[in-house]
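Let me begin by presenting the structure, written as structure tokens, before commenting on it.
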Amino acid sequence: MLDIKFIRENSDKVKKAMSDRGLKINLDELLSLDEQRRKLLVEGEQLKHKKNVTSDEVGKLLKAKKDAKDKIANMKAVSQEIGEIDKEVVDISQKMTKIAYSIPNIPHSSIPIAKDASGNKVVRDWGKLPKFDFKPRSHIELVELLDIVDLPRATKITGGGFVLYKKFGARLERALINFMLDLHTKKHGYTEIFPPFLVNRDSMTNTGQLPNLEEDMYRLKDDDLFLVPTAEVPVTNIFKNEILDEEKLPIYYTAYTACFRREAGSYGKDTKGLARVHQFDKVELVKFVKPETSYDELEKLLGDAEEVLQLLCLPYRVVMLCTADLSFAASKCYDIELWAPGTDKYLEVSSCSNFEDFQTRRANIRYKSKGSKKTQHVHTLNGSGVALARLVIALLEVYQQEDGSVMIPEALRPYVDSVEKITPS
């Protein structure tokens, strides 16, 4: 959430930022409400001062055994007026909050300004795209040939868009999760977290999924709880309403969770296979850092996610998102896209974002320097480190052999008892 003082003092900058995102936000209404609220607060404080003065005068009159009826009546009238102002302030504040929650973060000055995703900028490529002496199969053909995924039975169990891994498919999924968690905890310095897979509405609002993306979420209506769309939500909210010691920053957390997304509005897009599913596994990276280091931390975060793919020797590209493709809460974001030769396209497996203090203003997460009474909002970052099942798609399609078997990357073999190849049944 943007600071109302910042909006008030930089309204032109905020309006331009919204225009760069291709959005029309009624800032004038918010600023008008803010002005009304500030005037009422001043008026309320004046009346409260008047009430306190009158209360002292009543006390003196009563102590002197003099008539205080007029003063008491005046004090009651002032109290009633204060109550009416307080109620109006609450009403205006609620209206302001509703508008404020609809305003996305301001894009960082370094990202491209564009009207659609065609304005995204490829920052770098890594690895050589594989060449085959045969026509490469898609992952849909490979998982059937290898008998490691059963999509028809997953549909029977739950419905379309869900996956049933089996045999080596289940083992491969578990191996990739453990490989990534070990890399991030042992080499990159993250502390492992295993959070709840259900979160409350407040947690979803704090990280920016609500109110704008509610239709994409799975909600338990009886409890008003949500299945996590990403581990970012529970992990970021660990420090909700807390003040951290500066000495403890930066804080790095990594977490595995299943992730649940309705993918509303995506009907007909990559609905076959594993590319776009409603439940998928992901290892997430979350950082809590000081403001002055957050953009350096973003580059490090991106590097941590990239190393997963480099160790697996999977070719990818890094894309800087333009203003039109930037997520609601992010100020800057890089996507990492894996090349899938059988599917013949790049697939996003990670988004690494800096939210600055957008999330921590909502969640009220601050830090304080030693010996100082002043607090500042922490900056938060997160990135997929990385997401499955698209990682599985790329791995199967890149490492496939002509007979339909799939080689296991060397870095992953210790997690599958040194098995070198998945062979057709």
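All residue names refer to the structure tokens as shown: chains lettered A, B, ... in order, residues numbered from 1 in each chain, ligands numbered from 1 in order.
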What are the DSSP helix (DSSP H, G or I) residues of stretch 183-253 of chain A, as an MDAnalysis selection string? chainID A and resid 183:186 201:206 214:216 232:239 246:248
Output of the above residues as a short mmCIF file (atom, residue, chain, number, x, y, z; two decimals), in the first residue's frame, restricted to N, CA and C atoms:
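Saved to out-v1.cif:
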```
data_model
loop_
_atom_site.label_atom_id
_atom_site.label_comp_id
_atom_site.auth_asym_id
_atom_site.auth_seq_id
_atom_site.Cartn_x
_atom_site.Cartn_y
_atom_site.Cartn_z
N LEU A 183 19.93 -26.59 -1.63
CA LEU A 183 20.76 -25.56 -2.25
C LEU A 183 20.57 -24.21 -1.56
N HIS A 184 19.32 -23.84 -1.32
CA HIS A 184 19.04 -22.52 -0.75
C HIS A 184 19.42 -22.42 0.72
N THR A 185 19.32 -23.51 1.45
CA THR A 185 19.65 -23.46 2.88
C THR A 185 21.15 -23.66 3.12
N LYS A 186 21.78 -24.56 2.38
CA LYS A 186 23.18 -24.88 2.63
C LYS A 186 24.15 -23.93 1.94
N ARG A 201 -7.83 -13.94 5.46
CA ARG A 201 -8.04 -12.84 4.51
C ARG A 201 -7.04 -11.71 4.73
N ASP A 202 -6.72 -11.44 5.98
CA ASP A 202 -5.78 -10.37 6.29
C ASP A 202 -4.41 -10.65 5.68
N SER A 203 -3.96 -11.90 5.78
CA SER A 203 -2.66 -12.27 5.21
C SER A 203 -2.65 -12.10 3.70
N MET A 204 -3.73 -12.49 3.05
CA MET A 204 -3.82 -12.36 1.59
C MET A 204 -3.85 -10.89 1.18
N THR A 205 -4.51 -10.07 1.98
CA THR A 205 -4.57 -8.63 1.68
C THR A 205 -3.22 -7.98 1.86
N ASN A 206 -2.49 -8.38 2.90
CA ASN A 206 -1.19 -7.77 3.19
C ASN A 206 -0.20 -7.96 2.05
N GLU A 214 -9.08 -11.88 -6.04
CA GLU A 214 -9.84 -12.88 -5.28
C GLU A 214 -10.43 -13.97 -6.18
N GLU A 215 -10.81 -13.62 -7.39
CA GLU A 215 -11.42 -14.61 -8.28
C GLU A 215 -10.43 -15.70 -8.69
N ASP A 216 -9.13 -15.44 -8.55
CA ASP A 216 -8.11 -16.44 -8.88
C ASP A 216 -7.81 -17.38 -7.72
N GLU A 232 4.82 -17.24 -0.47
CA GLU A 232 5.04 -15.82 -0.18
C GLU A 232 4.05 -15.29 0.85
N VAL A 233 2.79 -15.76 0.76
CA VAL A 233 1.75 -15.21 1.63
C VAL A 233 1.97 -15.56 3.10
N PRO A 234 2.06 -16.83 3.47
CA PRO A 234 2.28 -17.11 4.89
C PRO A 234 3.65 -16.65 5.40
N VAL A 235 4.68 -16.78 4.57
CA VAL A 235 6.03 -16.43 5.04
C VAL A 235 6.17 -14.92 5.25
N THR A 236 5.66 -14.12 4.34
CA THR A 236 5.74 -12.66 4.50
C THR A 236 5.01 -12.20 5.75
N ASN A 237 3.91 -12.88 6.08
CA ASN A 237 3.11 -12.48 7.24
C ASN A 237 3.63 -12.99 8.58
N ILE A 238 4.76 -13.68 8.57
CA ILE A 238 5.35 -14.15 9.83
C ILE A 238 5.59 -12.98 10.79
N PHE A 239 6.01 -11.84 10.25
CA PHE A 239 6.35 -10.69 11.10
C PHE A 239 5.27 -9.60 11.11
N GLU A 246 17.25 -3.97 13.86
CA GLU A 246 18.04 -3.75 12.65
C GLU A 246 19.14 -4.80 12.51
N GLU A 247 19.70 -5.24 13.64
CA GLU A 247 20.81 -6.20 13.60
C GLU A 247 20.40 -7.54 13.00
N LYS A 248 19.10 -7.84 13.01
CA LYS A 248 18.62 -9.13 12.50
C LYS A 248 18.43 -9.12 10.98
#
```
How close does each residue of stretch 170-285 of chain A get to stretch 336-355 of chain A, giving the shortest atom pair and distance in Å to one decimal for every residue with an atom at most 12 Å away, counting only C-alpha atoms, sorted by chain and residue number, as JSON lines?
```
{"residue": "A:Asn206", "atom": "CA", "partner": "A:Phe355", "partner_atom": "CA", "distance": 11.6}
{"residue": "A:Thr207", "atom": "CA", "partner": "A:Phe355", "partner_atom": "CA", "distance": 9.2}
{"residue": "A:Gly208", "atom": "CA", "partner": "A:Phe355", "partner_atom": "CA", "distance": 9.9}
{"residue": "A:Thr230", "atom": "CA", "partner": "A:Ser351", "partner_atom": "CA", "distance": 11.5}
{"residue": "A:Glu232", "atom": "CA", "partner": "A:Ser353", "partner_atom": "CA", "distance": 11.0}
{"residue": "A:Thr236", "atom": "CA", "partner": "A:Phe355", "partner_atom": "CA", "distance": 11.3}
{"residue": "A:Asp270", "atom": "CA", "partner": "A:Thr343", "partner_atom": "CA", "distance": 10.2}
{"residue": "A:Lys272", "atom": "CA", "partner": "A:Thr343", "partner_atom": "CA", "distance": 11.0}
{"residue": "A:Gly273", "atom": "CA", "partner": "A:Thr343", "partner_atom": "CA", "distance": 10.2}
{"residue": "A:Leu274", "atom": "CA", "partner": "A:Leu347", "partner_atom": "CA", "distance": 10.9}
{"residue": "A:Ala275", "atom": "CA", "partner": "A:Leu347", "partner_atom": "CA", "distance": 7.8}
{"residue": "A:Arg276", "atom": "CA", "partner": "A:Leu347", "partner_atom": "CA", "distance": 10.1}
{"residue": "A:Phe280", "atom": "CA", "partner": "A:Val349", "partner_atom": "CA", "distance": 11.4}
{"residue": "A:Asp281", "atom": "CA", "partner": "A:Val349", "partner_atom": "CA", "distance": 11.1}
{"residue": "A:Lys282", "atom": "CA", "partner": "A:Val349", "partner_atom": "CA", "distance": 9.3}
{"residue": "A:Val283", "atom": "CA", "partner": "A:Ser350", "partner_atom": "CA", "distance": 9.9}
{"residue": "A:Glu284", "atom": "CA", "partner": "A:Ser350", "partner_atom": "CA", "distance": 9.2}
{"residue": "A:Leu285", "atom": "CA", "partner": "A:Cys352", "partner_atom": "CA", "distance": 8.8}
```
Do you know which residues are at most 8 Å from stretch 108-114 of chain A counting only C-alpha atoms, after dropping those on the same chain fewer than 5 positions away, and could you put them as a PyMOL selection string? chain A and resi 20-21+119-121+320-324+331-332
Those same residues - N, CA and C atoms - I'd like them written as a PDB file, in the first residue's frame.
```
ATOM      1  N   ASP A  20       1.403   4.713 -16.642  1.00  0.00           N
ATOM      2  CA  ASP A  20       2.411   3.824 -17.219  1.00  0.00           C
ATOM      3  C   ASP A  20       1.985   2.359 -17.111  1.00  0.00           C
ATOM      4  N   ARG A  21       1.218   2.040 -16.077  1.00  0.00           N
ATOM      5  CA  ARG A  21       0.706   0.679 -15.915  1.00  0.00           C
ATOM      6  C   ARG A  21      -0.539   0.429 -16.770  1.00  0.00           C
ATOM      7  N   GLY A 119       6.392  -5.402 -24.419  1.00  0.00           N
ATOM      8  CA  GLY A 119       7.418  -4.461 -23.971  1.00  0.00           C
ATOM      9  C   GLY A 119       8.393  -5.037 -22.967  1.00  0.00           C
ATOM     10  N   ASN A 120       8.214  -6.302 -22.567  1.00  0.00           N
ATOM     11  CA  ASN A 120       9.171  -6.945 -21.662  1.00  0.00           C
ATOM     12  C   ASN A 120      10.547  -7.034 -22.330  1.00  0.00           C
ATOM     13  N   LYS A 121      11.586  -6.942 -21.526  1.00  0.00           N
ATOM     14  CA  LYS A 121      12.956  -6.880 -22.062  1.00  0.00           C
ATOM     15  C   LYS A 121      13.761  -8.103 -21.637  1.00  0.00           C
ATOM     16  N   MET A 320      13.049  -8.833 -17.914  1.00  0.00           N
ATOM     17  CA  MET A 320      12.588  -7.757 -17.040  1.00  0.00           C
ATOM     18  C   MET A 320      11.189  -7.352 -17.492  1.00  0.00           C
ATOM     19  N   LEU A 321      10.228  -7.405 -16.567  1.00  0.00           N
ATOM     20  CA  LEU A 321       8.854  -7.096 -16.925  1.00  0.00           C
ATOM     21  C   LEU A 321       8.638  -5.600 -17.089  1.00  0.00           C
ATOM     22  N   CYS A 322       7.838  -5.248 -18.093  1.00  0.00           N
ATOM     23  CA  CYS A 322       7.511  -3.850 -18.329  1.00  0.00           C
ATOM     24  C   CYS A 322       6.366  -3.420 -17.414  1.00  0.00           C
ATOM     25  N   THR A 323       6.027  -2.150 -17.470  1.00  0.00           N
ATOM     26  CA  THR A 323       4.990  -1.611 -16.574  1.00  0.00           C
ATOM     27  C   THR A 323       3.645  -2.299 -16.735  1.00  0.00           C
ATOM     28  N   ALA A 324       3.289  -2.670 -17.968  1.00  0.00           N
ATOM     29  CA  ALA A 324       1.973  -3.268 -18.213  1.00  0.00           C
ATOM     30  C   ALA A 324       1.873  -4.699 -17.705  1.00  0.00           C
ATOM     31  N   SER A 331       7.385  -3.524  -7.470  1.00  0.00           N
ATOM     32  CA  SER A 331       7.960  -2.313  -8.034  1.00  0.00           C
ATOM     33  C   SER A 331       8.887  -2.650  -9.193  1.00  0.00           C
ATOM     34  N   LYS A 332       9.505  -3.834  -9.113  1.00  0.00           N
ATOM     35  CA  LYS A 332      10.361  -4.334 -10.191  1.00  0.00           C
ATOM     36  C   LYS A 332      10.347  -5.852 -10.144  1.00  0.00           C
TER      37      LYS A 332
END
```
For A:Leu146, which of A:Asp403, A:Leu213, A:Glu263, A:Val416 is the closest residue, counting only C-alpha atoms?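 Of all the options, A:Asp403 lies closest to A:Leu146.
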Check stretch 138-383 of chain A with DSSP on the backbone and list each residue it calls strand (DSSP E), as a PDB file with C-alpha atoms, in the first residue's frame.
```pdb
ATOM      1  CA  THR A 191      16.352 -20.536   6.758  1.00  0.00           C
ATOM      2  CA  GLU A 192      13.814 -23.216   5.931  1.00  0.00           C
ATOM      3  CA  ILE A 193      10.174 -22.652   6.882  1.00  0.00           C
ATOM      4  CA  LEU A 198      -4.248 -22.090   4.615  1.00  0.00           C
ATOM      5  CA  VAL A 199      -4.148 -18.363   5.363  1.00  0.00           C
ATOM      6  CA  ASN A 200      -6.686 -15.787   6.488  1.00  0.00           C
ATOM      7  CA  ARG A 219     -11.478 -19.911  -0.651  1.00  0.00           C
ATOM      8  CA  LEU A 220     -13.084 -21.933   2.146  1.00  0.00           C
ATOM      9  CA  LEU A 225      -9.628 -18.995   4.722  1.00  0.00           C
ATOM     10  CA  PHE A 226      -7.685 -19.299   1.463  1.00  0.00           C
ATOM     11  CA  LEU A 227      -5.494 -22.074   0.086  1.00  0.00           C
ATOM     12  CA  ILE A 243       9.111  -4.339  14.962  1.00  0.00           C
ATOM     13  CA  LEU A 244      12.369  -6.082  14.055  1.00  0.00           C
ATOM     14  CA  ASP A 245      15.837  -5.234  15.354  1.00  0.00           C
ATOM     15  CA  ILE A 251      16.328 -12.172   6.974  1.00  0.00           C
ATOM     16  CA  TYR A 252      16.165 -14.895   4.301  1.00  0.00           C
ATOM     17  CA  TYR A 253      13.489 -17.601   4.355  1.00  0.00           C
ATOM     18  CA  THR A 254      12.813 -20.456   1.954  1.00  0.00           C
ATOM     19  CA  ALA A 255       9.713 -22.623   2.006  1.00  0.00           C
ATOM     20  CA  TYR A 256       8.116 -25.445   0.085  1.00  0.00           C
ATOM     21  CA  THR A 257       4.347 -25.440  -0.314  1.00  0.00           C
ATOM     22  CA  ALA A 258       1.797 -26.722  -2.717  1.00  0.00           C
ATOM     23  CA  CYS A 259       0.251 -23.702  -4.476  1.00  0.00           C
ATOM     24  CA  PHE A 260      -3.383 -23.341  -5.488  1.00  0.00           C
ATOM     25  CA  GLN A 279      -2.224 -27.114  -7.941  1.00  0.00           C
ATOM     26  CA  PHE A 280       1.543 -27.140  -8.268  1.00  0.00           C
ATOM     27  CA  ASP A 281       4.599 -27.415  -6.026  1.00  0.00           C
ATOM     28  CA  LYS A 282       7.019 -24.568  -5.487  1.00  0.00           C
ATOM     29  CA  VAL A 283      10.041 -23.652  -3.411  1.00  0.00           C
ATOM     30  CA  GLU A 284       9.786 -19.967  -2.517  1.00  0.00           C
ATOM     31  CA  LEU A 285      12.428 -17.439  -1.463  1.00  0.00           C
ATOM     32  CA  VAL A 286      11.419 -14.494   0.760  1.00  0.00           C
ATOM     33  CA  LYS A 287      13.623 -11.663   2.037  1.00  0.00           C
ATOM     34  CA  PHE A 288      13.142  -8.958   4.683  1.00  0.00           C
ATOM     35  CA  VAL A 289      15.768  -6.255   4.143  1.00  0.00           C
ATOM     36  CA  TYR A 316      16.764 -20.234 -19.808  1.00  0.00           C
ATOM     37  CA  ARG A 317      16.378 -16.510 -20.260  1.00  0.00           C
ATOM     38  CA  VAL A 318      15.847 -13.667 -17.787  1.00  0.00           C
ATOM     39  CA  VAL A 319      13.146 -11.146 -18.681  1.00  0.00           C
ATOM     40  CA  MET A 320      12.588  -7.757 -17.040  1.00  0.00           C
ATOM     41  CA  LYS A 332      10.361  -4.334 -10.191  1.00  0.00           C
ATOM     42  CA  CYS A 333      10.254  -7.931 -11.354  1.00  0.00           C
ATOM     43  CA  TYR A 334      12.367 -10.375 -13.338  1.00  0.00           C
ATOM     44  CA  ASP A 335      10.864 -13.540 -14.824  1.00  0.00           C
ATOM     45  CA  ILE A 336      13.004 -16.599 -15.497  1.00  0.00           C
ATOM     46  CA  GLU A 337      11.763 -18.608 -18.456  1.00  0.00           C
ATOM     47  CA  LEU A 338      12.928 -22.153 -19.250  1.00  0.00           C
ATOM     48  CA  TRP A 339      13.140 -23.406 -22.817  1.00  0.00           C
ATOM     49  CA  ALA A 340      10.934 -26.453 -23.470  1.00  0.00           C
ATOM     50  CA  LYS A 345       8.231 -22.321 -26.155  1.00  0.00           C
ATOM     51  CA  TYR A 346       9.672 -20.608 -23.110  1.00  0.00           C
ATOM     52  CA  LEU A 347       7.875 -21.324 -19.818  1.00  0.00           C
ATOM     53  CA  GLU A 348       8.023 -19.053 -16.781  1.00  0.00           C
ATOM     54  CA  VAL A 349       9.338 -20.884 -13.707  1.00  0.00           C
ATOM     55  CA  SER A 350      10.214 -17.940 -11.473  1.00  0.00           C
ATOM     56  CA  SER A 351       9.250 -14.339 -10.798  1.00  0.00           C
ATOM     57  CA  CYS A 352      11.711 -12.423  -8.621  1.00  0.00           C
ATOM     58  CA  SER A 353      10.216  -9.199  -7.265  1.00  0.00           C
ATOM     59  CA  ASN A 354      11.038  -6.247  -5.052  1.00  0.00           C
ATOM     60  CA  PHE A 355       7.928  -4.875  -3.343  1.00  0.00           C
ATOM     61  CA  GLU A 356       9.824  -2.164  -1.447  1.00  0.00           C
ATOM     62  CA  ARG A 366       8.931  -2.300  10.702  1.00  0.00           C
ATOM     63  CA  TYR A 367      12.465  -2.257  12.037  1.00  0.00           C
ATOM     64  CA  LYS A 368      14.286  -0.050  14.534  1.00  0.00           C
ATOM     65  CA  THR A 375      10.942   2.942  13.114  1.00  0.00           C
ATOM     66  CA  GLN A 376      10.996   2.350   9.348  1.00  0.00           C
ATOM     67  CA  HIS A 377       9.141  -0.108   7.161  1.00  0.00           C
ATOM     68  CA  HIS A 379      11.403  -3.888   2.321  1.00  0.00           C
ATOM     69  CA  THR A 380      10.231  -7.332   1.186  1.00  0.00           C
ATOM     70  CA  LEU A 381      11.294  -9.399  -1.804  1.00  0.00           C
ATOM     71  CA  ASN A 382      10.315 -12.802  -3.028  1.00  0.00           C
ATOM     72  CA  GLY A 383      11.026 -15.172  -5.878  1.00  0.00           C
TER      73      GLY A 383
END
```
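Taking only C-alpha atoms, the non-local environment of stretch 167-179 of chain A within 9 Å (same-chain residues fewer than 2 positions away omitted) comprises Val143, Leu146, Asp147, Ile148, Val149, Leu164, Tyr165, Leu181, Asp182, Leu183, His184, Tyr256, Asp281, Lys282, Val283, Val308, Val386, Leu388, Ala389, Leu391, Val392, Ala411, Leu412, Arg413, Pro414, Tyr415, Val416 and Ile422 of chain A.
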Go ahead and write the residues just picked, C-alpha atoms, as a PDB file, in the first residue's frame.
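Everything below was put into again-v5.pdb:
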```
ATOM      1  CA  VAL A 143       4.916 -38.725 -19.259  1.00  0.00           C
ATOM      2  CA  LEU A 146       7.274 -43.231 -19.143  1.00  0.00           C
ATOM      3  CA  ASP A 147       4.070 -43.872 -17.137  1.00  0.00           C
ATOM      4  CA  ILE A 148       4.952 -41.234 -14.520  1.00  0.00           C
ATOM      5  CA  VAL A 149       1.889 -38.942 -14.622  1.00  0.00           C
ATOM      6  CA  LEU A 164      -1.460 -37.252 -10.290  1.00  0.00           C
ATOM      7  CA  TYR A 165       2.254 -38.040 -10.221  1.00  0.00           C
ATOM      8  CA  LEU A 181      15.712 -26.633  -0.426  1.00  0.00           C
ATOM      9  CA  ASP A 182      19.201 -28.014   0.196  1.00  0.00           C
ATOM     10  CA  LEU A 183      20.762 -25.556  -2.250  1.00  0.00           C
ATOM     11  CA  HIS A 184      19.037 -22.517  -0.754  1.00  0.00           C
ATOM     12  CA  TYR A 256       8.116 -25.445   0.085  1.00  0.00           C
ATOM     13  CA  ASP A 281       4.599 -27.415  -6.026  1.00  0.00           C
ATOM     14  CA  LYS A 282       7.019 -24.568  -5.487  1.00  0.00           C
ATOM     15  CA  VAL A 283      10.041 -23.652  -3.411  1.00  0.00           C
ATOM     16  CA  VAL A 308      18.917 -23.938  -9.580  1.00  0.00           C
ATOM     17  CA  VAL A 386      11.778 -22.428  -8.511  1.00  0.00           C
ATOM     18  CA  LEU A 388       7.179 -26.980 -10.610  1.00  0.00           C
ATOM     19  CA  ALA A 389       5.508 -28.432 -12.764  1.00  0.00           C
ATOM     20  CA  LEU A 391      10.489 -27.252 -14.297  1.00  0.00           C
ATOM     21  CA  VAL A 392       9.501 -30.899 -14.856  1.00  0.00           C
ATOM     22  CA  ALA A 411      23.175 -32.578  -9.865  1.00  0.00           C
ATOM     23  CA  LEU A 412      19.884 -34.371  -9.194  1.00  0.00           C
ATOM     24  CA  ARG A 413      21.164 -37.946  -9.172  1.00  0.00           C
ATOM     25  CA  PRO A 414      22.123 -37.987  -5.459  1.00  0.00           C
ATOM     26  CA  TYR A 415      18.415 -37.369  -4.721  1.00  0.00           C
ATOM     27  CA  VAL A 416      17.250 -40.418  -6.754  1.00  0.00           C
ATOM     28  CA  ILE A 422      14.052 -42.780 -16.586  1.00  0.00           C
TER      29      ILE A 422
END
```
Between A:Thr158, A:Pro130, A:Phe358, A:Ser418, which residue has the minimum interatomic distance to A:Ala394, considering only C-alpha atoms?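 That would be A:Pro130, the residue with the smallest distance to A:Ala394.
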As a list of chain:residue names, please: the residues near A:Glu420 (cut-off 8 Å, only C-alpha atoms, same-chain neighbours under 4 positions excluded). A:Met407, A:Ile408, A:Pro409, A:Glu410, A:Arg413
A:Ala387, A:Val277, A:Ala154, A:Val398 ranked by distance to A:Leu312, top pick (using only C-alpha atoms):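 The answer is A:Val398, which sits nearest to A:Leu312.
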Contacts of A:Asp28 at 9 Å (only C-alpha atoms; same-chain gap of 4+ positions) as a PyMOL selection string: chain A and resi 11+32-33
Take the residues just selected and output them with N, CA and C atoms as a compact mmCIF listing (two decimals), in the first residue's frame.
```txt
# COMPACT_ATOMS: atom_id res chain seq x y z
N SER A 11 1.33 13.56 -6.04
CA SER A 11 0.16 13.09 -6.78
C SER A 11 0.43 12.97 -8.29
N SER A 32 -9.36 14.11 -1.99
CA SER A 32 -10.46 14.90 -1.43
C SER A 32 -10.90 14.33 -0.08
N LEU A 33 -10.98 13.00 -0.01
CA LEU A 33 -11.34 12.35 1.25
C LEU A 33 -10.26 12.59 2.31
```
Which residues, written as a PyMOL selection string, have at least one atom at most 12 Å from stretch 84-92 of chain A, with only C-alpha atoms counted and residues fewer than 3 positions away on the same chain left out? chain A and resi 29-48+77-81+95-99
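Of note, atom CA of A:Phe162 and atom CA of A:Gln401 are spaced 27.0 Å apart.
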